file input03.pdb (PDB, C-alpha atoms)
ATOM      1  CA  MET A   1       3.837 -20.938  -4.805
ATOM      2  CA  ALA A   2       7.020 -19.880  -6.531
ATOM      3  CA  ALA A   3       9.908 -22.307  -6.428
ATOM      4  CA  ASN A   4      12.394 -22.163  -3.585
ATOM      5  CA  LEU A   5      15.343 -19.836  -3.970
ATOM      6  CA  THR A   6      18.839 -21.134  -3.449
ATOM      7  CA  ASP A   7      21.709 -18.664  -3.563
ATOM      8  CA  THR A   8      20.098 -15.491  -4.908
ATOM      9  CA  ILE A   9      17.212 -13.281  -3.795
ATOM     10  CA  ARG A  10      16.054 -10.019  -5.396
ATOM     11  CA  ILE A  11      14.438  -7.664  -2.885
ATOM     12  CA  THR A  12      12.521  -4.486  -3.689
ATOM     13  CA  VAL A  13      12.643  -1.968  -0.851
ATOM     14  CA  ALA A  14       9.502   0.210  -0.937
ATOM     15  CA  GLN A  15      10.248   3.510   0.818
ATOM     16  CA  LEU A  16       6.786   5.046   0.547
ATOM     17  CA  ASP A  17       4.306   7.367   2.265
ATOM     18  CA  SER A  18       1.275   5.624   3.729
ATOM     19  CA  ILE A  19      -1.539   7.733   5.168
ATOM     20  CA  VAL A  20      -2.903   7.062   8.641
ATOM     21  CA  GLY A  21      -6.401   5.608   8.389
ATOM     22  CA  ASP A  22      -6.452   5.315   4.583
ATOM     23  CA  ILE A  23      -6.397   1.532   4.442
ATOM     24  CA  ASP A  24      -7.765   1.297   0.899
ATOM     25  CA  GLY A  25      -5.325   3.909  -0.392
ATOM     26  CA  ASN A  26      -2.385   2.270   1.356
ATOM     27  CA  LEU A  27      -3.343  -1.134  -0.066
ATOM     28  CA  ALA A  28      -3.590   0.364  -3.552
ATOM     29  CA  LYS A  29      -0.126   1.906  -3.169
ATOM     30  CA  ALA A  30       1.279  -1.418  -1.934
ATOM     31  CA  ARG A  31      -0.242  -3.259  -4.879
ATOM     32  CA  ALA A  32       1.270  -0.764  -7.315
ATOM     33  CA  ALA A  33       4.683  -1.172  -5.673
ATOM     34  CA  ARG A  34       4.378  -4.950  -5.961
ATOM     35  CA  GLN A  35       3.710  -4.560  -9.682
ATOM     36  CA  THR A  36       6.848  -2.412  -9.934
ATOM     37  CA  ALA A  37       8.776  -5.087  -8.049
ATOM     38  CA  ALA A  38       7.464  -7.795 -10.370
ATOM     39  CA  ALA A  39       8.553  -5.807 -13.424
ATOM     40  CA  ALA A  40      12.036  -5.547 -11.882
ATOM     41  CA  GLY A  41      12.211  -9.317 -11.389
ATOM     42  CA  ALA A  42      12.016  -9.147  -7.586
ATOM     43  CA  ASP A  43      11.314 -12.180  -5.430
ATOM     44  CA  LEU A  44      10.223 -10.093  -2.442
ATOM     45  CA  VAL A  45       8.953  -6.564  -1.838
ATOM     46  CA  ALA A  46       9.333  -5.107   1.659
ATOM     47  CA  PHE A  47       7.324  -2.212   3.108
ATOM     48  CA  SER A  48       7.676  -0.103   6.239
ATOM     49  CA  GLU A  49       6.189  -0.465   9.710
ATOM     50  CA  LEU A  50       2.361  -0.549   9.973
ATOM     51  CA  PHE A  51       2.140   0.351   6.292
ATOM     52  CA  ILE A  52      -1.459  -0.767   5.830
ATOM     53  CA  ALA A  53      -2.691   1.386   8.738
ATOM     54  CA  GLY A  54      -0.298   4.291   8.311
ATOM     55  CA  TYR A  55       2.101   5.243  11.091
ATOM     56  CA  PRO A  56       1.505   6.206  13.835
ATOM     57  CA  PRO A  57      -2.155   5.054  13.956
ATOM     58  CA  GLU A  58      -2.474   5.717  17.717
ATOM     59  CA  ASP A  59      -6.068   5.288  18.998
ATOM     60  CA  LEU A  60      -7.345   3.982  15.671
ATOM     61  CA  VAL A  61      -5.865   0.588  16.515
ATOM     62  CA  LEU A  62      -8.145   0.364  19.551
ATOM     63  CA  LYS A  63     -11.220   0.332  17.298
ATOM     64  CA  PRO A  64     -12.313  -3.228  16.376
ATOM     65  CA  ALA A  65     -13.656  -2.058  13.004
ATOM     66  CA  PHE A  66     -10.254  -0.605  12.112
ATOM     67  CA  GLN A  67      -8.479  -3.786  13.197
ATOM     68  CA  ASP A  68     -10.837  -5.852  11.064
ATOM     69  CA  ALA A  69     -10.351  -3.584   8.049
ATOM     70  CA  CYS A  70      -6.555  -3.935   8.328
ATOM     71  CA  ARG A  71      -6.894  -7.712   8.569
ATOM     72  CA  GLU A  72      -9.147  -7.799   5.499
ATOM     73  CA  ALA A  73      -6.664  -5.692   3.516
ATOM     74  CA  ILE A  74      -3.787  -7.995   4.443
ATOM     75  CA  GLU A  75      -5.826 -11.069   3.506
ATOM     76  CA  ALA A  76      -6.743  -9.502   0.165
ATOM     77  CA  PHE A  77      -3.107  -8.604  -0.527
ATOM     78  CA  ALA A  78      -2.048 -12.116   0.447
ATOM     79  CA  ALA A  79      -4.490 -13.521  -2.106
ATOM     80  CA  ASP A  80      -2.746 -11.454  -4.808
ATOM     81  CA  THR A  81       0.449 -13.431  -4.262
ATOM     82  CA  ALA A  82      -1.169 -16.564  -5.695
ATOM     83  CA  ASP A  83       0.016 -15.241  -9.075
ATOM     84  CA  GLY A  84       3.547 -16.527  -8.395
ATOM     85  CA  GLY A  85       5.016 -13.020  -8.341
ATOM     86  CA  PRO A  86       6.915 -11.349  -5.521
ATOM     87  CA  GLY A  87       6.229 -12.253  -1.931
ATOM     88  CA  VAL A  88       5.530  -9.415   0.475
ATOM     89  CA  VAL A  89       6.764  -8.243   3.873
ATOM     90  CA  ILE A  90       4.383  -5.585   5.185
ATOM     91  CA  GLY A  91       3.533  -3.969   8.516
ATOM     92  CA  THR A  92       0.017  -4.000   9.952
ATOM     93  CA  PRO A  93      -1.874  -3.932  13.234
ATOM     94  CA  TRP A  94      -2.965  -7.490  13.974
ATOM     95  CA  PRO A  95      -5.697  -8.516  16.435
ATOM     96  CA  GLU A  96      -5.221 -11.896  18.064
ATOM     97  CA  GLY A  97      -6.722 -13.377  21.213
ATOM     98  CA  GLY A  98      -8.334 -10.147  22.338
ATOM     99  CA  LYS A  99      -5.060  -8.230  21.974
ATOM    100  CA  VAL A 100      -3.645  -6.124  19.149
ATOM    101  CA  TYR A 101      -0.029  -6.261  18.019
ATOM    102  CA  ASN A 102       2.281  -4.121  15.933
ATOM    103  CA  ALA A 103       2.927  -6.859  13.400
ATOM    104  CA  VAL A 104       4.736  -7.647  10.186
ATOM    105  CA  ALA A 105       3.225 -10.189   7.807
ATOM    106  CA  LEU A 106       4.941 -12.425   5.267
ATOM    107  CA  LEU A 107       2.617 -12.982   2.298
ATOM    108  CA  ASP A 108       3.344 -15.533  -0.410
ATOM    109  CA  GLY A 109       1.688 -18.256  -2.448
ATOM    110  CA  GLY A 110      -1.755 -16.735  -2.019
ATOM    111  CA  GLY A 111      -1.758 -16.685   1.783
ATOM    112  CA  ILE A 112      -0.325 -15.345   5.012
ATOM    113  CA  GLN A 113       2.750 -17.495   5.521
ATOM    114  CA  ALA A 114       3.922 -15.976   8.817
ATOM    115  CA  MET A 115       3.222 -13.177  11.253
ATOM    116  CA  ARG A 116       5.747 -11.636  13.638
ATOM    117  CA  TYR A 117       5.024  -9.149  16.436
ATOM    118  CA  LYS A 118       7.084  -6.181  17.598
ATOM    119  CA  VAL A 119       8.702  -6.877  20.961
ATOM    120  CA  GLU A 120      10.206  -3.535  22.022
ATOM    121  CA  LEU A 121       7.384  -0.978  22.127
ATOM    122  CA  PRO A 122       8.663   2.609  22.481
ATOM    123  CA  ASN A 123       7.006   4.724  25.132
ATOM    124  CA  TYR A 124       8.939   8.000  25.112
ATOM    125  CA  GLY A 125       8.972  11.264  23.170
ATOM    126  CA  VAL A 126       6.451  11.058  20.331
ATOM    127  CA  PHE A 127       5.863   7.333  20.879
ATOM    128  CA  ASP A 128       3.190   5.749  23.071
ATOM    129  CA  GLU A 129       2.943   2.249  21.609
ATOM    130  CA  LEU A 130       2.714   0.536  24.990
ATOM    131  CA  ARG A 131      -0.671   2.172  25.417
ATOM    132  CA  VAL A 132      -2.201   0.657  22.296
ATOM    133  CA  PHE A 133      -0.201  -2.489  21.482
ATOM    134  CA  GLU A 134       0.714  -5.693  23.278
ATOM    135  CA  PRO A 135       4.417  -6.640  23.210
ATOM    136  CA  GLY A 136       5.076  -9.753  21.167
ATOM    137  CA  PRO A 137       7.151 -12.784  22.176
ATOM    138  CA  LEU A 138      10.750 -13.125  21.095
ATOM    139  CA  PRO A 139      10.602 -14.189  17.435
ATOM    140  CA  GLY A 140      12.272 -16.804  15.326
ATOM    141  CA  PRO A 141      12.965 -16.365  11.609
ATOM    142  CA  VAL A 142      10.381 -16.928   8.884
ATOM    143  CA  ASP A 143      10.997 -19.190   5.902
ATOM    144  CA  PHE A 144      10.709 -17.442   2.550
ATOM    145  CA  ARG A 145      11.251 -19.808  -0.351
ATOM    146  CA  GLY A 146      14.002 -21.630   1.512
ATOM    147  CA  ILE A 147      15.699 -18.546   2.994
ATOM    148  CA  ARG A 148      15.361 -17.806   6.724
ATOM    149  CA  LEU A 149      14.534 -14.124   7.183
ATOM    150  CA  GLY A 150      14.548 -12.310  10.514
ATOM    151  CA  LEU A 151      11.842  -9.635  10.772
ATOM    152  CA  PRO A 152      12.603  -7.355  13.729
ATOM    153  CA  VAL A 153      10.410  -4.236  13.738
ATOM    154  CA  CYS A 154      11.942  -0.773  14.180
ATOM    155  CA  GLU A 155      12.625  -0.413  17.933
ATOM    156  CA  ASP A 156      13.493  -4.120  18.062
ATOM    157  CA  ILE A 157      16.947  -3.309  16.644
ATOM    158  CA  TRP A 158      17.647  -0.548  19.182
ATOM    159  CA  PHE A 159      18.226  -3.265  21.782
ATOM    160  CA  GLU A 160      20.141  -6.530  21.606
ATOM    161  CA  GLN A 161      17.745  -9.332  22.510
ATOM    162  CA  VAL A 162      15.529  -9.626  19.422
ATOM    163  CA  CYS A 163      18.359  -9.819  16.890
ATOM    164  CA  GLU A 164      20.333 -12.173  19.134
ATOM    165  CA  CYS A 165      17.294 -14.446  19.346
ATOM    166  CA  LEU A 166      16.931 -14.371  15.565
ATOM    167  CA  LEU A 167      20.603 -15.306  15.132
ATOM    168  CA  GLU A 168      20.326 -18.153  17.617
ATOM    169  CA  THR A 169      17.247 -19.528  15.849
ATOM    170  CA  GLY A 170      18.817 -19.546  12.408
ATOM    171  CA  ALA A 171      18.105 -16.246  10.645
ATOM    172  CA  GLU A 172      20.288 -15.554   7.599
ATOM    173  CA  LEU A 173      19.244 -12.007   6.695
ATOM    174  CA  LEU A 174      17.505  -9.308   8.758
ATOM    175  CA  VAL A 175      14.722  -7.325   7.031
ATOM    176  CA  VAL A 176      13.635  -4.459   9.281
ATOM    177  CA  PRO A 177      10.429  -2.431   8.670
ATOM    178  CA  ASN A 178      10.599   1.011  10.309
ATOM    179  CA  GLY A 179       8.535   4.084  11.073
ATOM    180  CA  SER A 180      11.465   6.218  12.181
ATOM    181  CA  PRO A 181      10.812   9.974  12.314
ATOM    182  CA  TYR A 182      13.432  12.536  11.428
ATOM    183  CA  TRP A 183      15.493  14.603  13.784
ATOM    184  CA  GLN A 184      18.812  16.296  13.141
ATOM    185  CA  GLY A 185      21.477  13.667  12.689
ATOM    186  CA  LYS A 186      18.972  10.787  12.673
ATOM    187  CA  ALA A 187      20.424   9.091   9.582
ATOM    188  CA  ASP A 188      23.772   8.630  11.335
ATOM    189  CA  ALA A 189      22.065   7.473  14.524
ATOM    190  CA  ARG A 190      20.124   4.789  12.658
ATOM    191  CA  GLN A 191      23.225   3.478  10.922
ATOM    192  CA  GLN A 192      25.132   3.284  14.199
ATOM    193  CA  VAL A 193      22.324   1.251  15.776
ATOM    194  CA  ALA A 194      22.191  -1.040  12.737
ATOM    195  CA  ILE A 195      25.977  -1.457  12.766
ATOM    196  CA  ALA A 196      25.839  -2.494  16.427
ATOM    197  CA  ARG A 197      23.333  -5.260  15.621
ATOM    198  CA  VAL A 198      25.408  -6.425  12.643
ATOM    199  CA  VAL A 199      28.555  -6.526  14.795
ATOM    200  CA  GLU A 200      26.752  -8.666  17.383
ATOM    201  CA  THR A 201      25.110 -11.059  14.946
ATOM    202  CA  GLY A 202      27.278 -11.036  11.826
ATOM    203  CA  LEU A 203      24.047 -10.898   9.807
ATOM    204  CA  PRO A 204      23.359  -8.502   6.934
ATOM    205  CA  LEU A 205      20.550  -6.058   7.621
ATOM    206  CA  VAL A 206      18.061  -4.323   5.293
ATOM    207  CA  TYR A 207      16.497  -1.203   6.855
ATOM    208  CA  ILE A 208      13.211   0.024   5.295
ATOM    209  CA  ASN A 209      11.937   3.408   6.483
ATOM    210  CA  GLN A 210       8.771   5.237   5.491
ATOM    211  CA  CYS A 211       8.843   8.667   3.889
ATOM    212  CA  GLY A 212       6.366  11.531   4.316
ATOM    213  CA  GLY A 213       4.843  13.955   6.772
ATOM    214  CA  GLN A 214       2.182  12.896   9.266
ATOM    215  CA  ASP A 215       0.813  15.576  11.600
ATOM    216  CA  GLU A 216       3.786  16.798  13.655
ATOM    217  CA  LEU A 217       6.134  14.027  12.448
ATOM    218  CA  VAL A 218       8.329  13.851   9.356
ATOM    219  CA  PHE A 219       9.586  10.504   8.077
ATOM    220  CA  ASP A 220      12.629  10.940   5.902
ATOM    221  CA  GLY A 221      13.139   7.549   4.280
ATOM    222  CA  GLY A 222      16.876   7.070   3.889
ATOM    223  CA  SER A 223      16.525   3.280   3.717
ATOM    224  CA  PHE A 224      19.787   1.343   3.532
ATOM    225  CA  ALA A 225      21.431  -2.026   4.024
ATOM    226  CA  LEU A 226      24.595  -3.343   5.620
ATOM    227  CA  HIS A 227      26.612  -6.431   4.796
ATOM    228  CA  GLY A 228      27.636  -8.794   7.564
ATOM    229  CA  ASP A 229      31.073  -7.140   7.583
ATOM    230  CA  ARG A 230      29.397  -3.745   8.344
ATOM    231  CA  THR A 231      30.044  -2.231   4.914
ATOM    232  CA  LEU A 232      27.222  -0.297   3.308
ATOM    233  CA  ALA A 233      25.329  -2.421   0.765
ATOM    234  CA  PHE A 234      23.078   0.318  -0.608
ATOM    235  CA  GLN A 235      21.726   3.724   0.370
ATOM    236  CA  MET A 236      18.378   5.176  -0.719
ATOM    237  CA  PRO A 237      17.680   8.942  -0.735
ATOM    238  CA  GLN A 238      16.131  10.972   2.054
ATOM    239  CA  PHE A 239      12.872  12.953   1.849
ATOM    240  CA  VAL A 240      11.539  11.337  -1.341
ATOM    241  CA  GLU A 241       9.438   8.255  -1.972
ATOM    242  CA  ALA A 242      11.418   5.628  -3.841
ATOM    243  CA  THR A 243      11.756   1.942  -4.582
ATOM    244  CA  ALA A 244      15.009   0.089  -5.124
ATOM    245  CA  THR A 245      15.477  -3.491  -6.274
ATOM    246  CA  VAL A 246      18.720  -5.150  -5.257
ATOM    247  CA  THR A 247      20.166  -8.621  -5.693
ATOM    248  CA  TRP A 248      21.563 -10.525  -2.731
ATOM    249  CA  THR A 249      23.756 -13.569  -3.345
ATOM    250  CA  ARG A 250      25.029 -16.219  -0.973
ATOM    251  CA  GLU A 251      28.818 -16.328  -0.935
ATOM    252  CA  GLY A 252      31.556 -18.200   0.877
ATOM    253  CA  GLU A 253      30.352 -19.682   4.143
ATOM    254  CA  GLY A 254      26.715 -18.818   3.539
ATOM    255  CA  ALA A 255      27.097 -15.044   3.945
ATOM    256  CA  TRP A 256      24.765 -12.873   1.885
ATOM    257  CA  ARG A 257      26.061  -9.881  -0.066
ATOM    258  CA  CYS A 258      24.330  -7.264  -2.160
ATOM    259  CA  ALA A 259      25.585  -7.455  -5.734
ATOM    260  CA  ASP A 260      24.144  -4.298  -7.268
ATOM    261  CA  GLY A 261      23.367  -1.674  -4.643
ATOM    262  CA  THR A 262      23.284   1.995  -5.544
ATOM    263  CA  PHE A 263      24.277   4.832  -3.243
ATOM    264  CA  ALA A 264      22.292   8.063  -3.006
ATOM    265  CA  ALA A 265      24.076  11.092  -1.614
ATOM    266  CA  LEU A 266      22.465  12.259   1.627
ATOM    267  CA  PRO A 267      22.064  15.987   2.321
ATOM    268  CA  ASP A 268      24.179  17.717   4.935
ATOM    269  CA  LEU A 269      22.508  18.682   8.215
ATOM    270  CA  GLU A 270      21.424  22.155   7.146
ATOM    271  CA  GLU A 271      19.897  20.953   3.908
ATOM    272  CA  ALA A 272      18.296  17.980   5.657
ATOM    273  CA  ASN A 273      16.598  20.261   8.176
ATOM    274  CA  TRP A 274      15.280  22.454   5.355
ATOM    275  CA  ARG A 275      13.997  19.483   3.372
ATOM    276  CA  ALA A 276      12.303  18.070   6.478
ATOM    277  CA  CYS A 277      10.434  21.360   6.937
ATOM    278  CA  VAL A 278       9.379  21.433   3.282
ATOM    279  CA  LEU A 279       8.230  17.809   3.307
ATOM    280  CA  GLY A 280       6.324  18.186   6.573
ATOM    281  CA  LEU A 281       4.520  21.345   5.467
ATOM    282  CA  ARG A 282       3.726  19.992   2.007
ATOM    283  CA  ASP A 283       2.229  16.764   3.318
ATOM    284  CA  TYR A 284       0.292  18.539   6.052
ATOM    285  CA  VAL A 285      -1.376  20.664   3.393
ATOM    286  CA  ASN A 286      -1.919  17.762   1.012
ATOM    287  CA  LYS A 287      -3.311  15.404   3.627
ATOM    288  CA  THR A 288      -5.508  17.828   5.545
ATOM    289  CA  GLY A 289      -6.536  20.235   2.808
ATOM    290  CA  PHE A 290      -5.586  23.109   5.116
ATOM    291  CA  PRO A 291      -6.887  26.230   3.323
ATOM    292  CA  GLY A 292      -4.528  28.780   4.826
ATOM    293  CA  ILE A 293      -1.585  28.080   2.497
TER     294      ILE A 293
END

call {"tool": "encode", "arguments": {"input": "input03.pdb", "output": "C-alpha cells"}}
result
Amino acid sequence: MAANLTDTIRITVAQLDSIVGDIDGNLAKARAARQTAAAAGADLVAFSELFIAGYPPEDLVLKPAFQDACREAIEAFAADTADGGPGVVIGTPWPEGGKVYNAVALLDGGGIQAMRYKVELPNYGVFDELRVFEPGPLPGPVDFRGIRLGLPVCEDIWFEQVCECLLETGAELLVVPNGSPYWQGKADARQQVAIARVVETGLPLVYINQCGGQDELVFDGGSFALHGDRTLAFQMPQFVEATATVTWTREGEGAWRCADGTFAALPDLEEANWRACVLGLRDYVNKTGFPGI
C-alpha cells in the first residue's frame, strides 16, 4: 500500500457517464480514469453514485446475478490498486446479509478497505430507491492513508444527520458521490444544500456528479467543492464528461483547502435547458440505437 499522506492529498474527480447495466464497460471507463489520475499524480480518484452499475439501475439490483457481477467488478478494480497508484472511491450496489445496499467502496492497496451504505433513500419524483435498497446505518469516516474521509451518498447531504454523524466521529473532508438529475436551477439548489452542510459541520465538501442521459433523465455533471468557510474551491463544467485533479492541503488548525482549483463558467438557465435537451437526446440515440433520428 502507498505510504500514508500527511498534509497534502491530490484528488481526481471523475465526472463521467456510466451506462445502466454495462458493468464491463463502466469498469473499463473507471480503469481508464484511474490511469488518467495516476498520470496527474493523484492519490485518490472519486467516481459518482452507483458508477459500476449505472444510475438508476432500478430492478436490475434485485437480480442476484447482477449483484454478483457488480461485486466481482469491484473486487477486480480493488486488485488493480495493488500497484501503489491512486486509491478509488466508487459507487456500487452491494449485497450483504440477504439485503442490497446503495454503497460506496474505498479501494486501496489491492483490496476493499471500507464500504459505506447510503442512509437517506429518496422515494419521490423519479426516485424509488426504498423499493430496491435497504437503508444503511449512520456511518463513520473511512481512513485513507491517514486522512479520515466522510463518504455520504447523494441524498445523505440533503438532510443533517449523516454529515453531523461524520463530523462527530472525526471526518476531516467530505467526498460525496452523486447521481443528481438536472432540472432548471438544479446547480444552484445543489450548492445551497452543500453550503448548509458545510455551515453545520465546518468541513470542506467535494461533490461528484455523473454526466449523461439515461432514459428520461439527464445528469448534468457540474461537480464542485466547497472549503470549510463556504467559499467555492473548484467548479467543473455542466453537460460534458470531465476529470479534474486538485490538490488539497492541511492548513492552520487542521482545515483542508484546495490549492489549485479551476472554475468553469456555468451556462445561464436558457442555455442550460437547451444543453440538457441536446445531451438527453444524443445519449438516448447513442445508448438505444433508436433508428428514427

call {"tool": "residues_near_point", "arguments": {"input": "input03.pdb", "point": "(21.4, -4.7, -5.0)", "cutoff": "12 Å", "atoms": "only C-alpha atoms", "output": "ChimeraX atom specification"}}
result
/A:8-13,40,42,206,224-227,232-236,243-249,256-263

call {"tool": "resolve_selection", "arguments": {"input": "input03.pdb", "expression": "the PyMOL selection byres ((chain A and resi 276) around 9)", "output": "PyMOL selection string"}}
result
chain A and resi 182-183+213+218-220+239+271-275+277-281

call {"tool": "resolve_selection", "arguments": {"input": "input03.pdb", "expression": "the PyMOL selection byres ((chain A and resi 136-147) around 10)", "output": "PyMOL selection string"}}
result
chain A and resi 1-9+43-44+87-88+100-103+105-109+113-121+133-135+148-152+156+161-174

call {"tool": "atom_distance", "arguments": {"input": "input03.pdb", "atom1": "atom CA of A:Pro64", "atom2": "atom CA of A:Pro95"}}
result
8.5 Å

call {"tool": "atom_distance", "arguments": {"input": "input03.pdb", "atom1": "atom CA of A:Gly221", "atom2": "atom CA of A:Gly202"}}
result
24.5 Å

call {"tool": "closest_residue", "arguments": {"input": "input03.pdb", "among": "A:Gly41, A:Pro177, A:Trp158, A:Val285", "to": "A:Ala196", "atoms": "all atoms listed in the file"}}
result
A:Trp158

call {"tool": "resolve_selection", "arguments": {"input": "input03.pdb", "expression": "the PyMOL selection byres ((chain A and resi 18) around 10)", "output": "VMD selection string"}}
result
chain A and resid 15 to 17 19 to 23 25 to 27 29 to 30 47 to 55 210 to 214

call {"tool": "write_last_selection", "arguments": {"input": "input03.pdb", "atoms": "C-alpha atoms", "output": "PDB file, keeping the file's coordinate frame"}}
result
ATOM      1  CA  GLN A  15      10.248   3.510   0.818  1.00  0.00           C
ATOM      2  CA  LEU A  16       6.786   5.046   0.547  1.00  0.00           C
ATOM      3  CA  ASP A  17       4.306   7.367   2.265  1.00  0.00           C
ATOM      4  CA  ILE A  19      -1.539   7.733   5.168  1.00  0.00           C
ATOM      5  CA  VAL A  20      -2.903   7.062   8.641  1.00  0.00           C
ATOM      6  CA  GLY A  21      -6.401   5.608   8.389  1.00  0.00           C
ATOM      7  CA  ASP A  22      -6.452   5.315   4.583  1.00  0.00           C
ATOM      8  CA  ILE A  23      -6.397   1.532   4.442  1.00  0.00           C
ATOM      9  CA  GLY A  25      -5.325   3.909  -0.392  1.00  0.00           C
ATOM     10  CA  ASN A  26      -2.385   2.270   1.356  1.00  0.00           C
ATOM     11  CA  LEU A  27      -3.343  -1.134  -0.066  1.00  0.00           C
ATOM     12  CA  LYS A  29      -0.126   1.906  -3.169  1.00  0.00           C
ATOM     13  CA  ALA A  30       1.279  -1.418  -1.934  1.00  0.00           C
ATOM     14  CA  PHE A  47       7.324  -2.212   3.108  1.00  0.00           C
ATOM     15  CA  SER A  48       7.676  -0.103   6.239  1.00  0.00           C
ATOM     16  CA  GLU A  49       6.189  -0.465   9.710  1.00  0.00           C
ATOM     17  CA  LEU A  50       2.361  -0.549   9.973  1.00  0.00           C
ATOM     18  CA  PHE A  51       2.140   0.351   6.292  1.00  0.00           C
ATOM     19  CA  ILE A  52      -1.459  -0.767   5.830  1.00  0.00           C
ATOM     20  CA  ALA A  53      -2.691   1.386   8.738  1.00  0.00           C
ATOM     21  CA  GLY A  54      -0.298   4.291   8.311  1.00  0.00           C
ATOM     22  CA  TYR A  55       2.101   5.243  11.091  1.00  0.00           C
ATOM     23  CA  GLN A 210       8.771   5.237   5.491  1.00  0.00           C
ATOM     24  CA  CYS A 211       8.843   8.667   3.889  1.00  0.00           C
ATOM     25  CA  GLY A 212       6.366  11.531   4.316  1.00  0.00           C
ATOM     26  CA  GLY A 213       4.843  13.955   6.772  1.00  0.00           C
ATOM     27  CA  GLN A 214       2.182  12.896   9.266  1.00  0.00           C
TER      28      GLN A 214
END

call {"tool": "atom_distance", "arguments": {"input": "input03.pdb", "atom1": "atom CA of A:Phe159", "atom2": "atom CA of A:Asn123"}}
result
14.2 Å

call {"tool": "closest_residue", "arguments": {"input": "input03.pdb", "among": "A:Ala46, A:Asp83, A:Glu200, A:Arg131", "to": "A:Ser223", "atoms": "only C-alpha atoms"}}
result
A:Ala46

call {"tool": "closest_residue", "arguments": {"input": "input03.pdb", "among": "A:Leu205, A:Leu269, A:Leu217, A:Leu130", "to": "A:Lys186", "atoms": "all atoms listed in the file"}}
result
A:Leu269

call {"tool": "axis_aligned_box", "arguments": {"input": "input03.pdb", "around": "stretch 262-271 of chain A", "padding_each_side": "3 Å", "output": "AutoDock Vina command-line options"}}
result
--center_x 22.1 --center_y 12.1 --center_z 1.3 --size_x 10.4 --size_y 26.2 --size_z 19.8

call {"tool": "closest_residue", "arguments": {"input": "input03.pdb", "among": "A:Ala265, A:Leu203, A:Val193, A:Ile208", "to": "A:Val176", "atoms": "all atoms listed in the file"}}
result
A:Ile208

call {"tool": "closest_residue", "arguments": {"input": "input03.pdb", "among": "A:Ala65, A:Ile74, A:Leu266, A:Ala38", "to": "A:Gly185", "atoms": "all atoms listed in the file"}}
result
A:Leu266

call {"tool": "closest_residue", "arguments": {"input": "input03.pdb", "among": "A:Thr288, A:Thr92, A:Gln192, A:Gln238", "to": "A:Asn209", "atoms": "all atoms listed in the file"}}
result
A:Gln238

call {"tool": "build_atoms", "arguments": {"input": "input03.pdb", "residues": "stretch 202-213 of chain A", "atoms": "N, CA, C and O atoms", "output": "PDB file, keeping the file's coordinate frame"}}
result
ATOM      1  N   GLY A 202      26.631 -10.672  13.073  1.00  0.00           N
ATOM      2  CA  GLY A 202      27.278 -11.036  11.826  1.00  0.00           C
ATOM      3  C   GLY A 202      26.326 -11.162  10.656  1.00  0.00           C
ATOM      4  O   GLY A 202      26.719 -11.584   9.566  1.00  0.00           O
ATOM      5  N   LEU A 203      25.054 -10.757  10.848  1.00  0.00           N
ATOM      6  CA  LEU A 203      24.047 -10.898   9.807  1.00  0.00           C
ATOM      7  C   LEU A 203      23.890  -9.603   9.014  1.00  0.00           C
ATOM      8  O   LEU A 203      23.914  -8.516   9.590  1.00  0.00           O
ATOM      9  N   PRO A 204      23.702  -9.702   7.705  1.00  0.00           N
ATOM     10  CA  PRO A 204      23.359  -8.502   6.934  1.00  0.00           C
ATOM     11  C   PRO A 204      21.986  -7.993   7.335  1.00  0.00           C
ATOM     12  O   PRO A 204      21.131  -8.763   7.809  1.00  0.00           O
ATOM     13  N   LEU A 205      21.768  -6.705   7.133  1.00  0.00           N
ATOM     14  CA  LEU A 205      20.550  -6.058   7.621  1.00  0.00           C
ATOM     15  C   LEU A 205      20.026  -5.087   6.571  1.00  0.00           C
ATOM     16  O   LEU A 205      20.773  -4.249   6.063  1.00  0.00           O
ATOM     17  N   VAL A 206      18.744  -5.223   6.228  1.00  0.00           N
ATOM     18  CA  VAL A 206      18.061  -4.323   5.293  1.00  0.00           C
ATOM     19  C   VAL A 206      17.088  -3.473   6.097  1.00  0.00           C
ATOM     20  O   VAL A 206      16.195  -4.005   6.766  1.00  0.00           O
ATOM     21  N   TYR A 207      17.254  -2.154   6.036  1.00  0.00           N
ATOM     22  CA  TYR A 207      16.497  -1.203   6.855  1.00  0.00           C
ATOM     23  C   TYR A 207      15.546  -0.433   5.944  1.00  0.00           C
ATOM     24  O   TYR A 207      15.980   0.313   5.063  1.00  0.00           O
ATOM     25  N   ILE A 208      14.219  -0.637   6.119  1.00  0.00           N
ATOM     26  CA  ILE A 208      13.211   0.024   5.295  1.00  0.00           C
ATOM     27  C   ILE A 208      12.501   1.071   6.136  1.00  0.00           C
ATOM     28  O   ILE A 208      11.868   0.742   7.144  1.00  0.00           O
ATOM     29  N   ASN A 209      12.590   2.333   5.729  1.00  0.00           N
ATOM     30  CA  ASN A 209      11.937   3.408   6.483  1.00  0.00           C
ATOM     31  C   ASN A 209      10.899   4.105   5.620  1.00  0.00           C
ATOM     32  O   ASN A 209      11.081   4.260   4.414  1.00  0.00           O
ATOM     33  N   GLN A 210       9.800   4.522   6.236  1.00  0.00           N
ATOM     34  CA  GLN A 210       8.771   5.237   5.491  1.00  0.00           C
ATOM     35  C   GLN A 210       9.212   6.670   5.202  1.00  0.00           C
ATOM     36  O   GLN A 210      10.172   7.172   5.776  1.00  0.00           O
ATOM     37  N   CYS A 211       8.495   7.313   4.289  1.00  0.00           N
ATOM     38  CA  CYS A 211       8.843   8.667   3.889  1.00  0.00           C
ATOM     39  C   CYS A 211       7.582   9.492   3.743  1.00  0.00           C
ATOM     40  O   CYS A 211       6.653   9.096   3.031  1.00  0.00           O
ATOM     41  N   GLY A 212       7.513  10.636   4.438  1.00  0.00           N
ATOM     42  CA  GLY A 212       6.366  11.531   4.316  1.00  0.00           C
ATOM     43  C   GLY A 212       6.059  12.206   5.633  1.00  0.00           C
ATOM     44  O   GLY A 212       6.525  11.785   6.695  1.00  0.00           O
ATOM     45  N   GLY A 213       5.263  13.256   5.571  1.00  0.00           N
ATOM     46  CA  GLY A 213       4.843  13.955   6.772  1.00  0.00           C
ATOM     47  C   GLY A 213       3.533  13.400   7.306  1.00  0.00           C
ATOM     48  O   GLY A 213       2.646  13.020   6.533  1.00  0.00           O
TER      49      GLY A 213
END
